[in-house]
file data_5.txt (compact mmCIF, C-alpha atoms and all ligand atoms)
# COMPACT_ATOMS: atom_id res chain seq x y z
CA MET Y 120 -27.56 113.23 15.69
CA THR Y 121 -29.58 110.43 17.17
CA VAL Y 122 -31.36 107.85 15.13
CA LEU Y 123 -34.63 108.26 17.02
CA ALA Y 124 -34.94 111.82 15.73
CA THR Y 125 -35.46 110.34 12.24
CA THR Y 126 -37.61 107.29 13.05
CA PRO Y 127 -41.27 107.20 14.20
CA ALA Y 128 -41.52 106.81 17.97
CA PRO Y 129 -43.22 103.64 19.28
CA PRO Y 130 -46.61 104.27 20.93
CA ALA Y 131 -46.42 105.77 24.42
CA SER Y 132 -48.48 102.86 25.80
CA CYS Y 133 -45.47 100.55 25.19
CA ARG Y 134 -42.85 102.84 26.63
CA ASP Y 135 -41.00 102.55 29.92
CA LEU Y 136 -43.39 99.94 31.32
CA PRO Y 137 -43.27 98.86 34.96
CA TRP Y 138 -41.19 95.70 35.20
CA ALA Y 139 -44.07 93.39 36.25
CA SER Y 140 -46.31 94.75 33.45
CA ALA Y 141 -43.55 94.23 30.89
CA ARG Y 142 -43.36 90.54 31.87
CA GLU Y 143 -47.12 90.19 31.63
CA ARG Y 144 -47.28 91.89 28.24
CA ALA Y 145 -44.49 89.79 26.79
CA HIS Y 146 -46.32 86.66 27.95
CA ALA Y 147 -49.75 87.72 26.66
CA ALA Y 148 -48.48 88.99 23.27
CA PRO Y 149 -47.96 85.74 21.28
CA ALA Y 150 -50.45 83.10 20.24
CA PRO Y 151 -49.09 79.63 21.14
CA LEU Y 152 -47.25 77.77 18.39
CA SER Y 153 -49.17 74.99 16.66
CA ALA Y 154 -49.38 71.59 18.33
CA ARG Y 155 -48.07 68.25 17.11
CA HIS Y 156 -47.61 64.71 18.41
CA VAL Y 157 -44.14 63.42 19.29
CA PRO Y 158 -42.98 60.07 20.74
CA LEU Y 159 -42.40 60.08 24.52
CA ALA Y 160 -38.65 59.75 23.93
CA ARG Y 161 -38.64 63.19 22.23
CA ALA Y 162 -41.06 64.97 24.57
CA ALA Y 163 -38.84 65.79 27.57
CA GLY Y 164 -38.64 69.53 28.17
CA LEU Y 165 -41.51 70.30 25.75
CA THR Y 166 -44.95 71.56 26.76
CA LEU Y 167 -48.27 69.71 26.77
CA ALA Y 168 -50.58 71.13 24.10
CA ASP Y 169 -53.65 69.30 25.47
CA ALA Y 170 -54.58 67.93 28.86
CA LEU Y 171 -53.03 64.53 29.64
CA ARG Y 172 -55.82 62.03 30.29
CA THR Y 173 -55.70 58.39 31.24
CA PRO Y 174 -57.68 56.24 28.79
CA GLN Y 175 -58.24 53.54 31.42
CA PRO Y 176 -58.57 53.47 35.20
CA MET Y 177 -55.35 53.58 37.20
CA PRO Y 178 -54.49 51.03 38.38
CA GLY Y 179 -56.12 49.12 35.57
CA PHE Y 180 -56.81 46.02 37.69
CA ASP Y 181 -56.92 45.11 41.39
CA THR Y 182 -53.22 44.89 42.16
CA ALA Y 183 -51.32 43.26 45.02
CA ALA Y 184 -49.19 45.80 46.93
CA MET Y 185 -47.21 43.13 48.81
CA ASP Y 186 -45.65 39.72 48.20
CA GLY Y 187 -47.63 37.19 50.27
CA TYR Y 188 -51.05 35.55 50.10
CA ALA Y 189 -54.32 36.83 48.71
CA VAL Y 190 -56.94 35.39 51.02
CA GLY Y 191 -60.66 34.85 50.66
CA ALA Y 192 -63.26 35.51 53.35
CA GLY Y 193 -63.17 33.87 56.76
CA PRO Y 194 -60.46 33.46 59.37
CA GLY Y 195 -57.34 31.43 58.61
CA PRO Y 196 -55.94 28.98 57.94
CA TRP Y 197 -56.67 29.25 54.24
CA ARG Y 198 -56.12 26.50 51.71
CA VAL Y 199 -53.64 27.63 49.05
CA ARG Y 200 -55.32 27.09 45.68
CA GLY Y 201 -52.86 28.59 43.21
CA ILE Y 202 -50.24 31.19 42.38
CA ALA Y 203 -50.80 34.72 41.03
CA ARG Y 204 -47.65 36.15 39.47
CA ALA Y 205 -47.18 39.67 38.06
CA GLY Y 206 -47.66 39.85 34.31
CA GLY Y 207 -50.81 37.83 33.76
CA ALA Y 208 -54.49 38.05 34.54
CA TRP Y 209 -56.01 35.71 37.17
CA THR Y 210 -58.05 33.35 35.09
CA GLY Y 211 -59.01 30.81 37.75
CA ARG Y 212 -62.39 30.78 39.42
CA PRO Y 213 -62.92 33.29 42.28
CA LEU Y 214 -61.43 32.50 45.69
CA ASP Y 215 -63.99 31.03 48.06
CA THR Y 216 -64.19 31.45 51.80
CA GLY Y 217 -61.17 29.75 53.35
CA GLU Y 218 -59.12 29.80 50.12
CA ALA Y 219 -55.88 31.67 49.33
CA ALA Y 220 -53.47 32.22 46.44
CA GLU Y 221 -49.75 32.84 46.71
CA ILE Y 222 -49.26 36.30 45.17
CA SER Y 223 -46.44 38.64 44.03
CA THR Y 224 -46.38 42.41 44.34
CA GLY Y 225 -47.93 43.82 41.16
CA ALA Y 226 -49.95 40.69 40.35
CA HIS Y 227 -53.65 40.66 39.47
CA VAL Y 228 -55.55 39.94 42.69
CA PRO Y 229 -57.94 37.00 42.23
CA VAL Y 230 -61.64 37.81 42.32
CA GLY Y 231 -62.99 36.91 45.77
CA ALA Y 232 -59.80 37.89 47.63
CA ARG Y 233 -60.57 40.22 50.54
CA ALA Y 234 -56.96 41.26 51.27
CA VAL Y 235 -53.29 40.39 50.84
CA ILE Y 236 -51.30 39.23 53.87
CA PRO Y 237 -47.56 40.02 53.59
CA LEU Y 238 -45.37 36.93 53.42
CA GLU Y 239 -43.53 37.79 56.65
CA HIS Y 240 -46.84 37.72 58.59
CA THR Y 241 -47.71 34.19 57.46
CA ASP Y 242 -46.77 30.59 58.19
CA ARG Y 243 -47.17 27.94 55.55
CA THR Y 244 -47.71 24.31 56.33
CA GLY Y 245 -48.12 22.13 53.26
CA THR Y 246 -51.25 23.30 51.47
CA HIS Y 247 -52.38 25.71 54.20
CA VAL Y 248 -51.31 29.22 55.16
CA TYR Y 249 -51.80 30.77 58.61
CA GLY Y 250 -51.94 34.46 59.45
CA PRO Y 251 -53.89 37.23 61.18
CA THR Y 252 -57.34 38.03 59.82
CA PRO Y 253 -56.72 41.11 57.63
CA ALA Y 254 -58.87 44.20 57.29
CA ASP Y 255 -60.92 44.17 54.07
CA GLY Y 256 -58.92 45.51 51.11
CA LYS Y 257 -55.61 45.58 52.98
CA HIS Y 258 -52.60 45.68 50.60
CA ILE Y 259 -54.80 45.73 47.50
CA ARG Y 260 -54.63 48.71 45.12
CA ARG Y 261 -58.17 48.71 43.75
CA THR Y 262 -59.00 49.36 40.08
CA GLY Y 263 -59.31 53.13 39.47
CA GLU Y 264 -58.30 54.01 43.04
CA ASP Y 265 -55.64 56.47 41.78
CA ALA Y 266 -57.62 57.86 38.83
CA PRO Y 267 -60.81 56.82 36.97
CA ALA Y 268 -60.80 56.40 33.18
CA ASP Y 269 -60.60 59.71 31.28
CA ALA Y 270 -59.46 61.67 34.34
CA PRO Y 271 -57.45 64.77 33.38
CA LEU Y 272 -54.07 64.32 35.04
CA ALA Y 273 -52.18 67.40 33.80
CA PRO Y 274 -53.46 70.53 32.05
CA ALA Y 275 -52.32 71.89 28.70
CA GLY Y 276 -49.32 74.14 29.29
CA THR Y 277 -47.59 71.74 31.70
CA ARG Y 278 -43.85 71.37 31.15
CA ILE Y 279 -43.05 67.74 30.34
CA GLY Y 280 -40.57 66.61 32.95
CA PRO Y 281 -39.39 63.10 33.86
CA ALA Y 282 -42.35 62.38 36.16
CA LEU Y 283 -44.89 63.45 33.54
CA LEU Y 284 -43.20 61.20 30.98
CA GLY Y 285 -43.45 58.29 33.41
CA LEU Y 286 -47.09 59.13 34.12
CA ALA Y 287 -47.90 59.32 30.39
CA ALA Y 288 -46.30 55.93 29.83
CA ALA Y 289 -48.17 54.50 32.83
CA CYS Y 290 -51.41 55.69 31.20
CA GLY Y 291 -50.47 53.79 28.04
CA HIS Y 292 -49.55 56.71 25.79
CA ASP Y 293 -46.82 56.31 23.15
CA THR Y 294 -46.94 59.91 21.94
CA LEU Y 295 -47.92 63.24 23.47
CA PRO Y 296 -49.51 66.36 21.97
CA VAL Y 297 -46.86 69.05 22.44
CA ARG Y 298 -45.75 72.49 21.49
CA LEU Y 299 -42.14 72.33 20.34
CA ARG Y 300 -39.46 74.64 21.68
CA PRO Y 301 -39.68 78.02 19.94
CA ARG Y 302 -36.65 78.50 17.69
CA VAL Y 303 -34.60 81.52 18.66
CA ARG Y 304 -32.01 83.06 16.37
CA VAL Y 305 -29.37 85.23 18.07
CA LEU Y 306 -27.79 88.22 16.33
CA VAL Y 307 -24.88 89.66 18.33
CA THR Y 308 -23.97 93.19 17.21
CA GLY Y 309 -20.94 95.28 18.13
CA ASP Y 310 -17.84 96.10 16.09
CA GLU Y 311 -15.78 96.19 19.30
CA LEU Y 312 -16.50 92.52 20.00
CA ILE Y 313 -13.98 89.72 19.61
CA HIS Y 314 -14.92 86.07 20.00
CA THR Y 315 -11.71 84.36 21.11
CA GLY Y 316 -8.74 85.30 23.25
CA ARG Y 317 -8.09 88.31 25.43
CA PRO Y 318 -9.44 91.72 24.39
CA GLY Y 319 -6.96 94.45 23.57
CA PRO Y 320 -7.52 98.21 23.95
CA GLY Y 321 -10.94 99.21 22.58
CA GLN Y 322 -11.96 95.57 22.22
CA VAL Y 323 -14.56 93.69 24.26
CA ARG Y 324 -14.86 89.94 24.46
CA ASP Y 325 -18.34 88.79 23.45
CA ALA Y 326 -20.04 87.45 26.59
CA LEU Y 327 -23.52 87.03 25.10
CA GLY Y 328 -22.68 84.58 22.31
CA PRO Y 329 -21.73 81.99 24.96
CA LEU Y 330 -24.39 83.05 27.51
CA LEU Y 331 -27.51 83.02 25.38
CA PRO Y 332 -27.80 79.48 23.89
CA PRO Y 333 -27.88 77.68 27.25
CA LEU Y 334 -30.15 80.38 28.68
CA ILE Y 335 -32.56 79.99 25.74
CA GLU Y 336 -32.51 76.23 26.30
CA ALA Y 337 -33.24 76.68 30.03
CA LEU Y 338 -36.13 79.02 29.20
CA GLY Y 339 -37.74 76.40 26.95
CA GLY Y 340 -36.43 77.55 23.55
CA GLU Y 341 -33.98 76.14 21.01
CA THR Y 342 -31.17 78.25 19.59
CA ALA Y 343 -31.37 78.45 15.81
CA GLY Y 344 -27.85 79.86 15.34
CA VAL Y 345 -25.70 82.65 16.76
CA HIS Y 346 -24.53 85.19 14.17
CA HIS Y 347 -22.20 88.16 14.57
CA ILE Y 348 -23.45 91.22 12.76
CA PRO Y 349 -21.34 94.34 12.16
CA ASP Y 350 -22.61 97.75 13.26
CA ARG Y 351 -21.60 99.28 9.95
CA PRO Y 352 -22.66 99.83 7.30
CA ILE Y 353 -26.02 100.86 8.73
CA GLY Y 354 -28.47 98.35 7.37
CA SER Y 355 -26.32 95.27 8.08
CA LEU Y 356 -28.80 94.16 10.75
CA ALA Y 357 -31.79 94.53 8.41
CA THR Y 358 -29.90 92.61 5.72
CA ALA Y 359 -29.11 89.84 8.22
CA VAL Y 360 -32.73 89.59 9.39
CA ARG Y 361 -33.86 89.34 5.74
CA THR Y 362 -31.15 86.79 4.89
CA PHE Y 363 -32.08 84.51 7.78
CA SER Y 364 -35.81 84.96 7.36
CA HIS Y 365 -36.29 81.46 5.94
CA ASP Y 366 -34.40 79.56 8.66
CA GLY Y 367 -37.63 78.71 10.49
CA ALA Y 368 -36.91 80.72 13.62
CA ASP Y 369 -39.87 82.10 15.60
CA VAL Y 370 -37.88 84.74 17.48
CA THR Y 371 -34.83 86.86 16.75
CA VAL Y 372 -32.83 88.16 19.70
CA VAL Y 373 -30.64 91.13 18.84
CA THR Y 374 -28.00 92.14 21.38
CA GLY Y 375 -26.21 95.46 21.65
CA SER Y 376 -28.44 97.53 19.43
CA THR Y 377 -31.18 98.72 21.76
CA SER Y 378 -29.95 102.24 22.38
CA VAL Y 379 -30.32 105.42 20.36
CA GLY Y 380 -26.76 105.81 19.05
CA VAL Y 381 -26.07 106.13 15.33
CA THR Y 382 -24.83 102.53 15.14
CA ASP Y 383 -27.82 101.07 17.00
CA GLN Y 384 -29.82 99.76 14.06
CA LEU Y 385 -32.61 97.81 15.68
CA ARG Y 386 -35.09 100.66 16.12
CA ILE Y 387 -34.53 101.79 12.51
CA LEU Y 388 -35.17 98.25 11.31
CA LEU Y 389 -38.39 97.97 13.34
CA ALA Y 390 -39.65 101.35 12.17
CA ASP Y 391 -38.83 100.56 8.51
CA ALA Y 392 -40.48 97.15 8.77
CA ASP Y 393 -43.67 98.62 10.27
CA ALA Y 394 -43.29 96.39 13.32
CA ARG Y 395 -45.95 96.17 16.03
CA TRP Y 396 -44.46 97.36 19.30
CA VAL Y 397 -45.23 95.46 22.50
CA VAL Y 398 -42.59 96.82 24.88
CA ASP Y 399 -40.27 99.73 24.31
CA ALA Y 400 -38.06 100.10 27.40
CA VAL Y 401 -38.79 98.88 30.92
CA ALA Y 402 -38.61 100.78 34.19
CA CYS Y 403 -35.93 98.55 35.65
CA ARG Y 404 -32.24 98.67 36.44
CA PRO Y 405 -30.17 97.44 34.71
CA GLY Y 406 -31.55 96.90 31.22
CA PRO Y 407 -34.04 99.73 30.59
CA PRO Y 408 -33.60 99.94 26.79
CA GLN Y 409 -34.80 96.35 26.16
CA LEU Y 410 -37.65 95.94 23.67
CA LEU Y 411 -40.13 93.51 22.14
CA ALA Y 412 -41.88 93.91 18.80
CA GLN Y 413 -43.49 91.75 16.12
CA LEU Y 414 -42.74 91.98 12.41
CA PRO Y 415 -45.71 91.99 10.02
CA ASP Y 416 -44.97 88.33 9.08
CA GLY Y 417 -45.49 87.32 12.75
CA HIS Y 418 -41.80 86.96 13.63
CA TRP Y 419 -40.84 88.16 17.13
CA MET Y 420 -37.95 90.58 17.70
CA VAL Y 421 -36.40 90.93 21.16
CA GLY Y 422 -33.78 93.61 21.78
CA LEU Y 423 -31.37 92.98 24.65
CA PRO Y 424 -28.94 95.67 25.84
CA GLY Y 425 -25.27 95.07 25.09
CA ASN Y 426 -24.12 95.21 28.69
CA PRO Y 427 -24.06 91.51 29.64
CA PHE Y 428 -25.76 91.64 33.06
CA ALA Y 429 -28.36 94.05 31.65
CA ALA Y 430 -28.92 91.56 28.79
CA LEU Y 431 -29.42 88.71 31.27
CA VAL Y 432 -31.98 90.76 33.21
CA ALA Y 433 -33.76 91.71 29.99
CA ALA Y 434 -33.83 88.09 28.81
CA HIS Y 435 -35.60 87.12 32.05
CA THR Y 436 -37.94 90.10 31.72
CA LEU Y 437 -39.07 89.77 28.08
CA LEU Y 438 -37.64 86.64 26.42
CA ALA Y 439 -38.62 84.18 29.17
CA PRO Y 440 -42.31 85.27 29.23
CA LEU Y 441 -42.41 85.41 25.42
CA LEU Y 442 -41.17 81.82 25.17
CA ALA Y 443 -43.68 80.75 27.83
CA GLY Y 444 -46.47 82.41 25.83
CA LEU Y 445 -45.34 80.78 22.57
CA THR Y 446 -45.43 77.33 24.17
CA GLY Y 447 -48.74 77.90 25.97
CA ARG Y 448 -47.17 77.80 29.42
CA PRO Y 449 -48.46 80.07 32.18
CA LEU Y 450 -46.33 83.01 33.21
CA PRO Y 451 -44.29 81.56 36.07
CA ALA Y 452 -45.42 82.90 39.43
CA LEU Y 453 -42.40 84.23 41.31
CA PRO Y 454 -41.88 83.14 44.92
CA ARG Y 455 -41.74 86.10 47.31
CA ILE Y 456 -38.84 85.55 49.68
CA PRO Y 457 -37.60 87.74 52.55
CA LEU Y 458 -34.63 89.74 51.28
CA THR Y 459 -32.02 91.12 53.63
CA GLY Y 460 -28.97 93.30 53.06
CA ASP Y 461 -27.94 96.78 52.17
CA ILE Y 462 -29.68 97.42 48.84
CA ARG Y 463 -30.30 100.83 47.35
CA THR Y 464 -33.74 100.96 45.77
CA ALA Y 465 -34.29 102.97 42.58
CA PRO Y 466 -37.09 105.55 42.53
CA GLY Y 467 -39.74 104.56 40.00
CA ARG Y 468 -37.77 101.47 38.90
CA THR Y 469 -37.43 97.81 39.84
CA ARG Y 470 -33.85 96.81 40.56
CA LEU Y 471 -32.81 93.32 39.56
CA ILE Y 472 -30.08 92.02 41.85
CA PRO Y 473 -28.32 88.64 41.98
CA VAL Y 474 -28.96 86.92 45.30
CA THR Y 475 -28.21 83.70 47.10
CA TRP Y 476 -31.11 81.93 48.78
CA ASP Y 477 -30.53 79.48 51.64
CA GLY Y 478 -34.17 78.36 51.80
CA LEU Y 479 -35.09 81.00 54.38
CA ALA Y 480 -33.84 84.37 53.20
CA ALA Y 481 -32.21 85.86 50.12
CA ARG Y 482 -29.06 88.00 50.28
CA PRO Y 483 -27.31 90.06 47.60
CA VAL Y 484 -24.18 88.53 46.09
CA GLY Y 485 -22.66 91.82 44.84
CA GLY Y 486 -20.82 92.20 41.52
CA HIS Y 487 -23.89 93.34 39.59
CA ARG Y 488 -22.98 96.46 37.66
CA PRO Y 489 -24.57 96.32 34.17
CA ALA Y 490 -21.45 95.06 32.37
CA PHE Y 491 -20.31 92.59 35.07
CA LEU Y 492 -21.67 89.03 35.35
CA HIS Y 493 -19.82 88.07 38.53
CA GLY Y 494 -22.83 88.25 40.87
CA ALA Y 495 -25.14 86.53 38.39
CA ALA Y 496 -22.60 83.74 37.87
CA LEU Y 497 -22.71 82.89 41.58
CA ALA Y 498 -26.38 83.61 42.27
CA ASP Y 499 -29.32 81.30 42.96
CA ALA Y 500 -31.79 83.91 41.76
CA LEU Y 501 -32.43 87.47 40.65
CA ALA Y 502 -34.42 89.48 43.20
CA ALA Y 503 -36.84 92.07 41.80
CA VAL Y 504 -36.52 94.91 44.27
CA ALA Y 505 -39.41 97.39 44.04
CA PRO Y 506 -38.88 101.08 44.87
CA ASP Y 507 -40.82 100.72 48.17
CA TRP Y 508 -38.97 97.57 49.37
CA ARG Y 509 -37.60 97.67 52.93
CA PRO Y 510 -34.79 95.45 54.32
CA GLY Y 511 -36.12 92.07 55.47
CA HIS Y 512 -39.34 92.40 53.45
CA PRO Y 513 -40.12 89.86 50.72
CA ALA Y 514 -39.12 90.39 47.10
CA PRO Y 515 -40.08 88.25 44.07
CA LEU Y 516 -37.27 85.90 42.99
CA ILE Y 517 -36.52 84.63 39.49
CA LEU Y 518 -34.77 81.33 40.14
CA LEU Y 519 -31.72 80.84 37.92
CA THR Y 520 -32.07 77.19 37.06
CA GLY Y 521 -30.25 77.25 33.73
N1 LIG Y 601 -27.96 108.38 24.97
C1 LIG Y 601 -28.20 107.24 25.61
N2 LIG Y 601 -27.22 106.35 25.65
C2 LIG Y 601 -27.43 105.18 26.31
C3 LIG Y 601 -28.66 104.93 26.98
C4 LIG Y 601 -29.66 105.90 26.88
O1 LIG Y 601 -30.76 105.74 27.44
N3 LIG Y 601 -29.40 107.04 26.18
N4 LIG Y 601 -28.81 103.76 27.67
C5 LIG Y 601 -27.61 103.10 28.12
C6 LIG Y 601 -27.88 101.78 28.59
S1 LIG Y 601 -28.68 101.64 30.09
C7 LIG Y 601 -27.48 100.68 27.93
S2 LIG Y 601 -27.67 99.13 28.61
C8 LIG Y 601 -26.84 100.74 26.64
C9 LIG Y 601 -27.53 99.80 25.67
O2 LIG Y 601 -26.97 100.01 24.46
P1 LIG Y 601 -26.95 98.93 23.31
O3 LIG Y 601 -27.93 97.86 23.57
O4 LIG Y 601 -27.12 99.68 22.05
O5 LIG Y 601 -25.55 98.27 23.46
P2 LIG Y 601 -24.11 98.84 23.05
O6 LIG Y 601 -24.14 100.30 23.14
O7 LIG Y 601 -23.68 98.23 21.79
O8 LIG Y 601 -23.24 98.22 24.19
C10 LIG Y 601 -23.30 98.62 25.52
C11 LIG Y 601 -22.04 98.08 26.21
O9 LIG Y 601 -22.06 96.69 26.20
C12 LIG Y 601 -20.92 96.16 25.53
N5 LIG Y 601 -21.34 94.97 24.79
C13 LIG Y 601 -22.14 94.98 23.71
N6 LIG Y 601 -22.34 93.72 23.29
C14 LIG Y 601 -21.63 92.92 24.11
C15 LIG Y 601 -21.42 91.53 24.16
N7 LIG Y 601 -21.97 90.69 23.26
N8 LIG Y 601 -20.60 91.05 25.12
C16 LIG Y 601 -20.00 91.88 26.01
N9 LIG Y 601 -20.18 93.22 26.02
C17 LIG Y 601 -20.97 93.73 25.07
C18 LIG Y 601 -20.44 97.26 24.65
O10 LIG Y 601 -19.10 97.12 24.31
C19 LIG Y 601 -20.76 98.48 25.49
O11 LIG Y 601 -19.74 98.66 26.45
O12 LIG Y 601 -26.91 102.04 26.12
C20 LIG Y 601 -26.54 103.04 27.05
N10 LIG Y 601 -26.44 104.25 26.35
O1 LIG Y 602 -29.09 98.44 30.74
MO1 LIG Y 602 -27.92 99.47 31.00
O2 LIG Y 602 -26.77 100.31 31.88
O3 LIG Y 602 -28.73 99.47 32.54
O4 LIG Y 602 -26.65 98.38 31.10

call {"tool": "encode", "arguments": {"input": "data_5.txt", "output": "structure tokens", "more": "lines below"}}
Ligand SMILES: Nc1nc2c(c(=O)[nH]1)N[C@H]1C(S)=C(S)[C@@H](COP(=O)(O)OP(=O)(O)OC[C@H]3O[C@@H](n4cnc5c(N)ncnc54)[C@H](O)[C@@H]3O)O[C@H]1N2
Ligand code: MOO
result
Amino acid sequence: MTVLATTPAPPASCRDLPWASARERAHAAPAPLSARHVPLARAAGLTLADALRTPQPMPGFDTAAMDGYAVGAGPGPWRVRGIARAGGAWTGRPLDTGEAAEISTGAHVPVGARAVIPLEHTDRTGTHVYGPTPADGKHIRRTGEDAPADAPLAPAGTRIGPALLGLAAACGHDTLPVRLRPRVRVLVTGDELIHTGRPGPGQVRDALGPLLPPLIEALGGETAGVHHIPDRPIGSLATAVRTFSHDGADVTVVTGSTSVGVTDQLRILLADADARWVVDAVACRPGPPQLLAQLPDGHWMVGLPGNPFAALVAAHTLLAPLLAGLTGRPLPALPRIPLTGDIRTAPGRTRLIPVTWDGLAARPVGGHRPAFLHGAALADALAAVAPDWRPGHPAPLILLTG
């Protein structure tokens, strides 16, 4: 007996989708999580919910780009009238023809200055400074030269990395509008699994409990707990999902329950819960039985196959785009890189293969049977090898940054 014989089949339009379409569907399925403001110190790794704009021009004042002398019109020598140091506005009267001010890099350039002459190009004698006649504006960063006030500097959906944090601070922001990391609960199923020590006969050491939290983090999510759920009695998975339903998670990842065996409870749960199917199986290898569905209360359910490399492939196929969609990020475009090596393509399916990439070409690592993580552990990327790929032709790469 198989369980599917007793449960309603998901719609055919969700079934056995081409790999690229499955990614697109998983990304398009969710509405982005609601936005909130967080201090800059808590924004790293989150996603901008609105465009980042600068409230004032950048730079905000005419700024010296060199230590030296700000000089007024006319040829030198110039009479040195004062000192402009970084940190204060120039409050003196404008520089006249033949006048100069000693100036530091970053200081407010006095009104009337035509340029800054670097210190090493000048000679100072008492109250006068000598130097070559500079081109107008030389070594002055003019107000608004980088960006005018209200310029959009980064669109909504941008990942907040170190440079964006620095840019936001430079604009004068203390907080940013963000979408938080979606919270992902992990339910690892499998009565054969042990969680410490070496497996004995019939036992398998759980590889996904350790693999998934850092992967979820790298994909922009936050792990809201890893729980081990028994296969029996049937219904344990549904009980667990109900029990944890108030822990605030947005997504539940279930591993090792995607197939049609009598102990694979995920499809029963989804059918009983009247879930909305988005993806039911993907035309890829490994990992075809992966799935994505939404419970009536809006909660997302992702099914990853139990075989660990298949689960990794499925997480990059469905979970990564889902998390991008939930945070309002675009679906990452995949670089297409020439792929060499002896790779068997799969008719009608995309093969996902761990590869190294030296900057020019990608090559298979090996060690990528569905249960074996050796190749993935050493790889720079997963190559998505289409059925019509030929050696040396480009293939899309998913870079393994986590
Ligand atoms: N009649 C069919 N049987 C299977 C099909 C099918 O289409 N028809 N598909 C096969 C494929 S492909 C896969 S993949 C698996 C997926 O099955 P499940 O997701 O239900 O996973 P399990 O059967 O529980 O486990 C598969 C395999 O992986 C080991 N496993 C499970 N969890 C872990 C873990 N956390 N860490 C390490 N290893 C794990 C488990 O012991 C099994 O060896 O279904 C096929 N069958
Ligand atoms: O997804 Mo399965 O065999 O391809 O592990």

call {"tool": "atom_distance", "arguments": {"input": "data_5.txt", "atom1": "atom CA of Y:Gly354", "atom2": "atom CA of Y:Arg404"}}
result
29.3 Å

call {"tool": "residues_around", "arguments": {"input": "data_5.txt", "residues": "Y:Arg361", "least_positions_apart": "6", "cutoff": "12 Å", "atoms": "only C-alpha atoms", "output": "ChimeraX atom specification"}}
result
/Y:354-355,371,388,392,414,416,418

call {"tool": "atom_distance", "arguments": {"input": "data_5.txt", "atom1": "atom CA of Y:Arg351", "atom2": "atom CA of Y:Thr382"}}
result
6.9 Å

call {"tool": "residues_around", "arguments": {"input": "data_5.txt", "residues": "Y:Trp508", "least_positions_apart": "3", "cutoff": "12 Å", "atoms": "only C-alpha atoms", "output": "number ranges by chain"}}
result
Y: 455, 457-470, 502-505, 511-515

call {"tool": "closest_residue", "arguments": {"input": "data_5.txt", "among": "Y:Val323, Y:Val474, Y:Leu330, Y:Leu453", "to": "ligand LIG 601 (chain Y)", "atoms": "all atoms listed in the file"}}
result
Y:Val323

call {"tool": "closest_residue", "arguments": {"input": "data_5.txt", "among": "Y:Gly231, Y:Gly179, Y:Pro451, Y:Gly425", "to": "Y:Leu306", "atoms": "only C-alpha atoms"}}
result
Y:Gly425

call {"tool": "closest_residue", "arguments": {"input": "data_5.txt", "among": "Y:Ala495, Y:Asp181, Y:Pro194, Y:Ala189", "to": "Y:His227", "atoms": "only C-alpha atoms"}}
result
Y:Asp181

call {"tool": "residues_around", "arguments": {"input": "data_5.txt", "residues": "Y:Ala289", "least_positions_apart": "2", "cutoff": "12 Å", "atoms": "only C-alpha atoms", "output": "JSON, numbers by chain"}}
result
{"Y": [159, 171, 172, 173, 174, 175, 176, 177, 178, 179, 265, 266, 272, 282, 283, 284, 285, 286, 287, 291, 292, 293]}

call {"tool": "closest_residue", "arguments": {"input": "data_5.txt", "among": "Y:His435, Y:His156, Y:Arg448, Y:Arg386", "to": "Y:Ala128", "atoms": "all atoms listed in the file"}}
result
Y:Arg386

call {"tool": "closest_residue", "arguments": {"input": "data_5.txt", "among": "Y:Ile313, Y:Val307, Y:Ile222, Y:Leu334", "to": "Y:Asp350", "atoms": "all atoms listed in the file"}}
result
Y:Val307
